[in-house]
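Since the structure comes first, as structure tokens, the remarks are kept for the end.
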Amino acid sequence: MNGLRKVLIMVMSSYSKYYQINSKYQLTNLLEMKKKAGNFFNVLFNSLLFAVIILSSCHKDGLKKENIASGTRILRFNVGQGFDEDTREQNRSFSGKSDIIYQKFSDGMEIEAIIEQDKEINSRINTIETVAIGTKVLAIIIDAYTNDIYSIHQLEVESDGKLSCEVPNSTVRIIFYSYNSSEMPTTNLEIGDHIDTTKENIEEYTKDVMRFETQNIEPEDTNLGKVIFKHLFSRVRVCMHYDEGVSSFKTTLENCPCATARVNIIKGNIYPNHTNVTIPIDSDEGIAQEVAYSSYKIIIPVEGTMPIQLNITDINGTSLTNKHIIFHGILLPGHSYTIHVYVKKDTGIIEGWGPGYYQWDAKALYEPGNIPSAGDNAFYNTGSSLASNSCIDCPSSQDGCRMIASGVYWDDNGPTWKGDDGNTYTSGLWVKKKSQWGNLELELSEPKVATDEQRNSGDYVFLPASGYIVDGKYEGFGEVGLYWTNTPDMSRYGALCLMFTSYSVSIRIAHRQGGYKSWYFPND
């Protein structure tokens with residue numbers, strides 16, 4: 001405005017000097033010329049004023065952009081990671097109640113497997129995991145008004161588990177992008193790109209791609225909440241269950257349909273590239289336990305049903321061949337899964353044998369140190385009919401006699417079994433499978449010594465010499481086998497059982513209060 005004032009003063013001064021005259025004639029001309037000059041002055045003034053307004057407006061816009069560029073601040077964010085919980089997908093994915101896949105192989109090994117989602121889809125409680133210190137993060141700053149990329153920063157999760165990011169003193173939002181590792185993500189996005197750009201990243205299945213987008217952050221905002229990364233791919237691990245204990249295992253996911261995917265970082269969308277890949281999923285070597293877990297592996301999910309073939313190639317250092325399970329289902333992006341694999345090796349031990357003892361046909365187990373009394377579920381059945389509870393599937397006394405007549409063999413070096421006392425044993429009795437029985441019946445026989453024929457032919461099953469409970473105490477581990485039949489004696493106190501040692505096998509009457517094993521023969 002000072003400049004404009006000086007211009008106006010100079011114009012008026014020049015007009016005054018030009019028309020300063022003393023004659024009357026000149027005065028008349030002067031009045032006429034001043035009238036014309038006044039009109040000229042008005043036009044000039046209005047033009048100058050309009051120019052000043054335009055210059056002033058341009059100056060203000062330039063100042064606004066200058067403030068965005070030069071005025072910045074540091075924002076700090078807490079960091080975590082979680083998994084999607086889209087209830088709309090509940091009926092489309094593998095859930096915690098998926099069907100169990102069962103496979104029995106020619107060598108007698110049995111495998112059951114199930115894929116379970118690690119977190120219930122419709123749960124309202126988010127399970128937030130930490131993000132490791134040192135994790136590299138790409139921060140894309142977007143101008144909330146123009147929707148253009150203002151800046152791109154390379155960040156790292158700090159020692160206190162937070163991210164620090166420099167942003168301008170204007171309204172912005174931030175897209176955080178990470179591989180959940182110490183590798184810094186790369187991108188071909190550039191400063192000035194609009195959010196509708198079609199530029200994409202090509203990411204491999206080995207990268208745990210995760211993303212988070214903030215709401216608009218205003219200049220006055222101080223409470224920024226938490227950055228909770230969501231995973232764009234799926235992750236899978238294997239949990240191996242093995243009765244003999246698992247110290248290590250090796251598996252592979254065969255022919256997974258995607259090795260890479262195109263990722264739109266701005267939108268958070270993925271587009272799988274269909275190229276098959278085999279993914280190894282192994283556990284670390286450790287102490288043998290009933291279960292062992294692998295680490296998680298990343299899988300790029302596809303739209304629709306995804307067949308998954310899990311090959312089991314090694315357990316405890318022993319190579320396995322042609323052991324696999326095939327699943328059919330849908331893996332959802334951003335979800336976490338565990339494949340539970342239950343392996344049962346055919347040891348030859350009779351089905352239905354396991355921990356625990358019963359009084360004859362009791363409803364509940366006979367616990368040592370706690371002698372059952374009448375009215376307890378662990379007290380024996382006093383009826384005169386065939387068994388209807390724990391002994392309902394046991395062989396009849398007649399079946400027992402046919403079994404004995406078909407041949408019995410004592411073995412001190414049979415399959416390893418664990419007694420209820422916690423110790424392991426190998427002694428017991430080999431008997432023929434039900435399909436191999438003849439029609440002859442014997443109540444008493446002397447067992448022969450077992451050979452590899454009984455151990456390996458597949459025609460026999462093994463009954464551990466697993467002892468019994470009497471007066472609330474364990475007895476006879478490795479020396480005696482006592483197994484109930486489903487047949488009561490004529491009195492309300494007795495029932496028929498199988499009793500064997502290394503020198504005698506018989507069907508005999510026993511008091512129902514004894515704690516013996518239940519057992520059964522499948523129709524093989």
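Chains: A, B, ... in order of the structure tokens. Residues: from 1 per chain. Ligands: from 1, in order shown.
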For Gly134 (chain A), please output as a PyMOL selection string all residues within 7 Å (counting only C-alpha atoms; exclusion window: fewer than 5 positions along the same chain).
chain A and resi 156-158+182
Atoms kept (all heavy atoms) for selection, written as a CSV table (one decimal), in the first residue's frame:
```csv
chain,number,residue,atom,x,y,z
A,156,GLU,N,11.9,-46.2,11.5
A,156,GLU,CA,12.2,-47.4,12.2
A,156,GLU,C,11.6,-47.4,13.6
A,156,GLU,O,11.5,-46.4,14.3
A,156,GLU,CB,13.8,-47.5,12.4
A,156,GLU,CG,14.3,-48.8,13.0
A,156,GLU,CD,15.8,-48.8,13.1
A,156,GLU,OE1,16.4,-48.7,12.0
A,156,GLU,OE2,16.3,-49.0,14.2
A,157,VAL,N,11.0,-48.6,14.0
A,157,VAL,CA,10.4,-48.7,15.3
A,157,VAL,C,11.5,-48.5,16.4
A,157,VAL,O,12.5,-49.2,16.4
A,157,VAL,CB,9.7,-50.1,15.5
A,157,VAL,CG1,9.2,-50.2,17.0
A,157,VAL,CG2,8.6,-50.2,14.5
A,158,GLU,N,11.3,-47.6,17.3
A,158,GLU,CA,12.4,-47.2,18.2
A,158,GLU,C,12.4,-48.1,19.4
A,158,GLU,O,11.5,-49.0,19.6
A,158,GLU,CB,12.2,-45.7,18.6
A,158,GLU,CG,12.2,-44.8,17.4
A,158,GLU,CD,11.7,-43.4,17.7
A,158,GLU,OE1,11.4,-43.1,18.8
A,158,GLU,OE2,11.5,-42.6,16.7
A,182,SER,N,13.5,-56.1,9.4
A,182,SER,CA,14.5,-55.1,9.3
A,182,SER,C,14.8,-54.7,7.9
A,182,SER,O,15.7,-53.9,7.6
A,182,SER,CB,15.8,-55.6,10.0
A,182,SER,OG,16.2,-56.8,9.3
```
List every residue of region 283-438 of chain A that DSSP, applied to the backbone, labels as strand (DSSP E), and write the result as a ChimeraX atom specification.
/A:289-293,297-299,306-315,318-319,324-329,336-344,408-411,417-418,424-425,428-432
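Checking A:Asp148, A:Glu351, A:Glu204, A:Glu213 one by one against Lys297 (chain A), counting only C-alpha atoms, you find the shortest gap at A:Glu204.
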Using only C-alpha atoms: which of A:Pro272, A:Pro257, A:Gly383, A:Pro280 has the shortest distance to Trp360 (chain A)
A:Gly383
Work out how far apart CA of Thr451 (chain A) and CA of Ala465 (chain A) are and give it in Å to one decimal.
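So the answer is 17.4 Å.
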What's the 9 Å shell around region 305-312 of chain A, counting only C-alpha atoms, without same-chain residues fewer than 4 positions away, as a PyMOL selection string?
chain A and resi 93+249-257+301+319-331
Report as a VMD selection string all protein, DNA and RNA residues lying within 12 Å of Asp221 (chain A), evaluated on only C-alpha atoms, omitting residues in the same chain fewer than 5 positions from it.
chain A and resid 73 to 76 167 169 to 173 215 to 216
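For Tyr460 (chain A), the set of protein, DNA and RNA residues having any atom at most 10 Å away, when counting only C-alpha atoms and skipping those fewer than 2 positions along the same chain, is A:Gly348, A:Ile349, A:Ile350, A:Gly407, A:Val408, A:Tyr409, A:Leu429, A:Trp430, A:Val431, A:Lys432, A:Lys433, A:Lys434, A:Gln436, A:Glu453, A:Gln454, A:Arg455, A:Asn456, A:Ser457, A:Gly458, A:Phe462, A:Leu463.
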Name the residues in contact with region 335-338 of chain A at a cut-off of 7 Å, using only C-alpha atoms, excluding same-chain residues fewer than 3 positions from it; report them as JSON, numbers by chain.
{"A": [83, 84, 115, 116, 117, 118, 234, 235, 236, 237, 238, 239, 332]}
Best match for closeness to Lys345 (chain A) among A:Asp471, A:Asp160, A:Glu218, A:Glu244, counting only C-alpha atoms:
A:Glu244
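When the distance limit is 10 Å and only C-alpha atoms are what count, the residues near region 189-194 of chain A, minus those fewer than 2 positions from it on the same chain, are Ile140, Ile141, Ile142, Asp143, Thr146, Asn147, Asp148, Ile149, Tyr150, Ser151, Ile152, Thr186, Thr187, Asp196, Thr197, Thr198, Lys199, Glu200, Asn201, Ile265 and Ile266 of chain A.
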The selected residues should be written to file as a PDB file, in the first residue's frame (atoms: N, CA, C and O atoms).
```
ATOM      1  N   ILE A 140       4.143 -42.675   4.105  1.00  0.00           N
ATOM      2  CA  ILE A 140       3.746 -41.884   2.952  1.00  0.00           C
ATOM      3  C   ILE A 140       2.793 -40.802   3.450  1.00  0.00           C
ATOM      4  O   ILE A 140       1.676 -41.096   3.900  1.00  0.00           O
ATOM      5  N   ILE A 141       3.234 -39.510   3.390  1.00  0.00           N
ATOM      6  CA  ILE A 141       2.462 -38.385   3.887  1.00  0.00           C
ATOM      7  C   ILE A 141       1.610 -37.842   2.752  1.00  0.00           C
ATOM      8  O   ILE A 141       2.127 -37.498   1.683  1.00  0.00           O
ATOM      9  N   ILE A 142       0.306 -37.754   2.978  1.00  0.00           N
ATOM     10  CA  ILE A 142      -0.623 -37.309   1.937  1.00  0.00           C
ATOM     11  C   ILE A 142      -1.289 -36.014   2.376  1.00  0.00           C
ATOM     12  O   ILE A 142      -1.828 -35.915   3.489  1.00  0.00           O
ATOM     13  N   ASP A 143      -1.245 -34.980   1.502  1.00  0.00           N
ATOM     14  CA  ASP A 143      -1.953 -33.722   1.738  1.00  0.00           C
ATOM     15  C   ASP A 143      -3.450 -34.000   1.678  1.00  0.00           C
ATOM     16  O   ASP A 143      -3.976 -34.454   0.657  1.00  0.00           O
ATOM     17  N   THR A 146      -5.341 -31.801  -1.238  1.00  0.00           N
ATOM     18  CA  THR A 146      -5.048 -32.059  -2.649  1.00  0.00           C
ATOM     19  C   THR A 146      -5.013 -33.540  -2.974  1.00  0.00           C
ATOM     20  O   THR A 146      -5.052 -33.927  -4.138  1.00  0.00           O
ATOM     21  N   ASN A 147      -4.896 -34.409  -1.928  1.00  0.00           N
ATOM     22  CA  ASN A 147      -4.757 -35.857  -2.105  1.00  0.00           C
ATOM     23  C   ASN A 147      -3.510 -36.221  -2.910  1.00  0.00           C
ATOM     24  O   ASN A 147      -3.477 -37.233  -3.612  1.00  0.00           O
ATOM     25  N   ASP A 148      -2.507 -35.379  -2.816  1.00  0.00           N
ATOM     26  CA  ASP A 148      -1.207 -35.656  -3.416  1.00  0.00           C
ATOM     27  C   ASP A 148      -0.227 -36.099  -2.338  1.00  0.00           C
ATOM     28  O   ASP A 148      -0.379 -35.761  -1.158  1.00  0.00           O
ATOM     29  N   ILE A 149       0.775 -36.889  -2.754  1.00  0.00           N
ATOM     30  CA  ILE A 149       1.819 -37.296  -1.817  1.00  0.00           C
ATOM     31  C   ILE A 149       2.710 -36.089  -1.534  1.00  0.00           C
ATOM     32  O   ILE A 149       3.299 -35.505  -2.449  1.00  0.00           O
ATOM     33  N   TYR A 150       2.773 -35.703  -0.270  1.00  0.00           N
ATOM     34  CA  TYR A 150       3.579 -34.553   0.135  1.00  0.00           C
ATOM     35  C   TYR A 150       5.034 -34.950   0.374  1.00  0.00           C
ATOM     36  O   TYR A 150       5.960 -34.253  -0.026  1.00  0.00           O
ATOM     37  N   SER A 151       5.235 -36.107   1.033  1.00  0.00           N
ATOM     38  CA  SER A 151       6.600 -36.574   1.301  1.00  0.00           C
ATOM     39  C   SER A 151       6.572 -38.062   1.612  1.00  0.00           C
ATOM     40  O   SER A 151       5.512 -38.637   1.899  1.00  0.00           O
ATOM     41  N   ILE A 152       7.726 -38.710   1.524  1.00  0.00           N
ATOM     42  CA  ILE A 152       7.883 -40.134   1.855  1.00  0.00           C
ATOM     43  C   ILE A 152       9.083 -40.262   2.787  1.00  0.00           C
ATOM     44  O   ILE A 152      10.171 -39.778   2.476  1.00  0.00           O
ATOM     45  N   THR A 186      10.480 -50.845  -0.424  1.00  0.00           N
ATOM     46  CA  THR A 186      10.734 -49.923  -1.525  1.00  0.00           C
ATOM     47  C   THR A 186       9.419 -49.632  -2.232  1.00  0.00           C
ATOM     48  O   THR A 186       8.447 -50.385  -2.113  1.00  0.00           O
ATOM     49  N   THR A 187       9.383 -48.521  -2.977  1.00  0.00           N
ATOM     50  CA  THR A 187       8.185 -48.173  -3.732  1.00  0.00           C
ATOM     51  C   THR A 187       8.570 -47.282  -4.890  1.00  0.00           C
ATOM     52  O   THR A 187       9.571 -46.551  -4.825  1.00  0.00           O
ATOM     53  N   ASP A 196      -4.840 -41.482  -6.733  1.00  0.00           N
ATOM     54  CA  ASP A 196      -5.442 -42.354  -7.746  1.00  0.00           C
ATOM     55  C   ASP A 196      -4.408 -42.970  -8.681  1.00  0.00           C
ATOM     56  O   ASP A 196      -4.768 -43.603  -9.677  1.00  0.00           O
ATOM     57  N   THR A 197      -3.131 -42.817  -8.360  1.00  0.00           N
ATOM     58  CA  THR A 197      -2.095 -43.407  -9.199  1.00  0.00           C
ATOM     59  C   THR A 197      -2.240 -44.926  -9.247  1.00  0.00           C
ATOM     60  O   THR A 197      -2.703 -45.553  -8.295  1.00  0.00           O
ATOM     61  N   THR A 198      -1.835 -45.502 -10.355  1.00  0.00           N
ATOM     62  CA  THR A 198      -1.929 -46.958 -10.512  1.00  0.00           C
ATOM     63  C   THR A 198      -0.596 -47.656 -10.228  1.00  0.00           C
ATOM     64  O   THR A 198      -0.464 -48.852 -10.487  1.00  0.00           O
ATOM     65  N   LYS A 199       0.360 -46.937  -9.688  1.00  0.00           N
ATOM     66  CA  LYS A 199       1.655 -47.547  -9.392  1.00  0.00           C
ATOM     67  C   LYS A 199       1.499 -48.616  -8.313  1.00  0.00           C
ATOM     68  O   LYS A 199       0.794 -48.413  -7.326  1.00  0.00           O
ATOM     69  N   GLU A 200       2.192 -49.756  -8.494  1.00  0.00           N
ATOM     70  CA  GLU A 200       2.051 -50.884  -7.572  1.00  0.00           C
ATOM     71  C   GLU A 200       3.416 -51.487  -7.231  1.00  0.00           C
ATOM     72  O   GLU A 200       4.382 -51.329  -7.998  1.00  0.00           O
ATOM     73  N   ASN A 201       3.471 -52.153  -6.100  1.00  0.00           N
ATOM     74  CA  ASN A 201       4.643 -52.934  -5.714  1.00  0.00           C
ATOM     75  C   ASN A 201       4.447 -54.391  -6.123  1.00  0.00           C
ATOM     76  O   ASN A 201       3.326 -54.907  -6.065  1.00  0.00           O
ATOM     77  N   ILE A 265      -0.231 -49.815  -2.600  1.00  0.00           N
ATOM     78  CA  ILE A 265       0.019 -49.345  -1.235  1.00  0.00           C
ATOM     79  C   ILE A 265      -1.009 -48.298  -0.822  1.00  0.00           C
ATOM     80  O   ILE A 265      -1.484 -48.290   0.323  1.00  0.00           O
ATOM     81  N   ILE A 266      -1.367 -47.403  -1.750  1.00  0.00           N
ATOM     82  CA  ILE A 266      -2.297 -46.325  -1.417  1.00  0.00           C
ATOM     83  C   ILE A 266      -3.668 -46.888  -1.046  1.00  0.00           C
ATOM     84  O   ILE A 266      -4.266 -46.503  -0.043  1.00  0.00           O
TER      85      ILE A 266
END
```
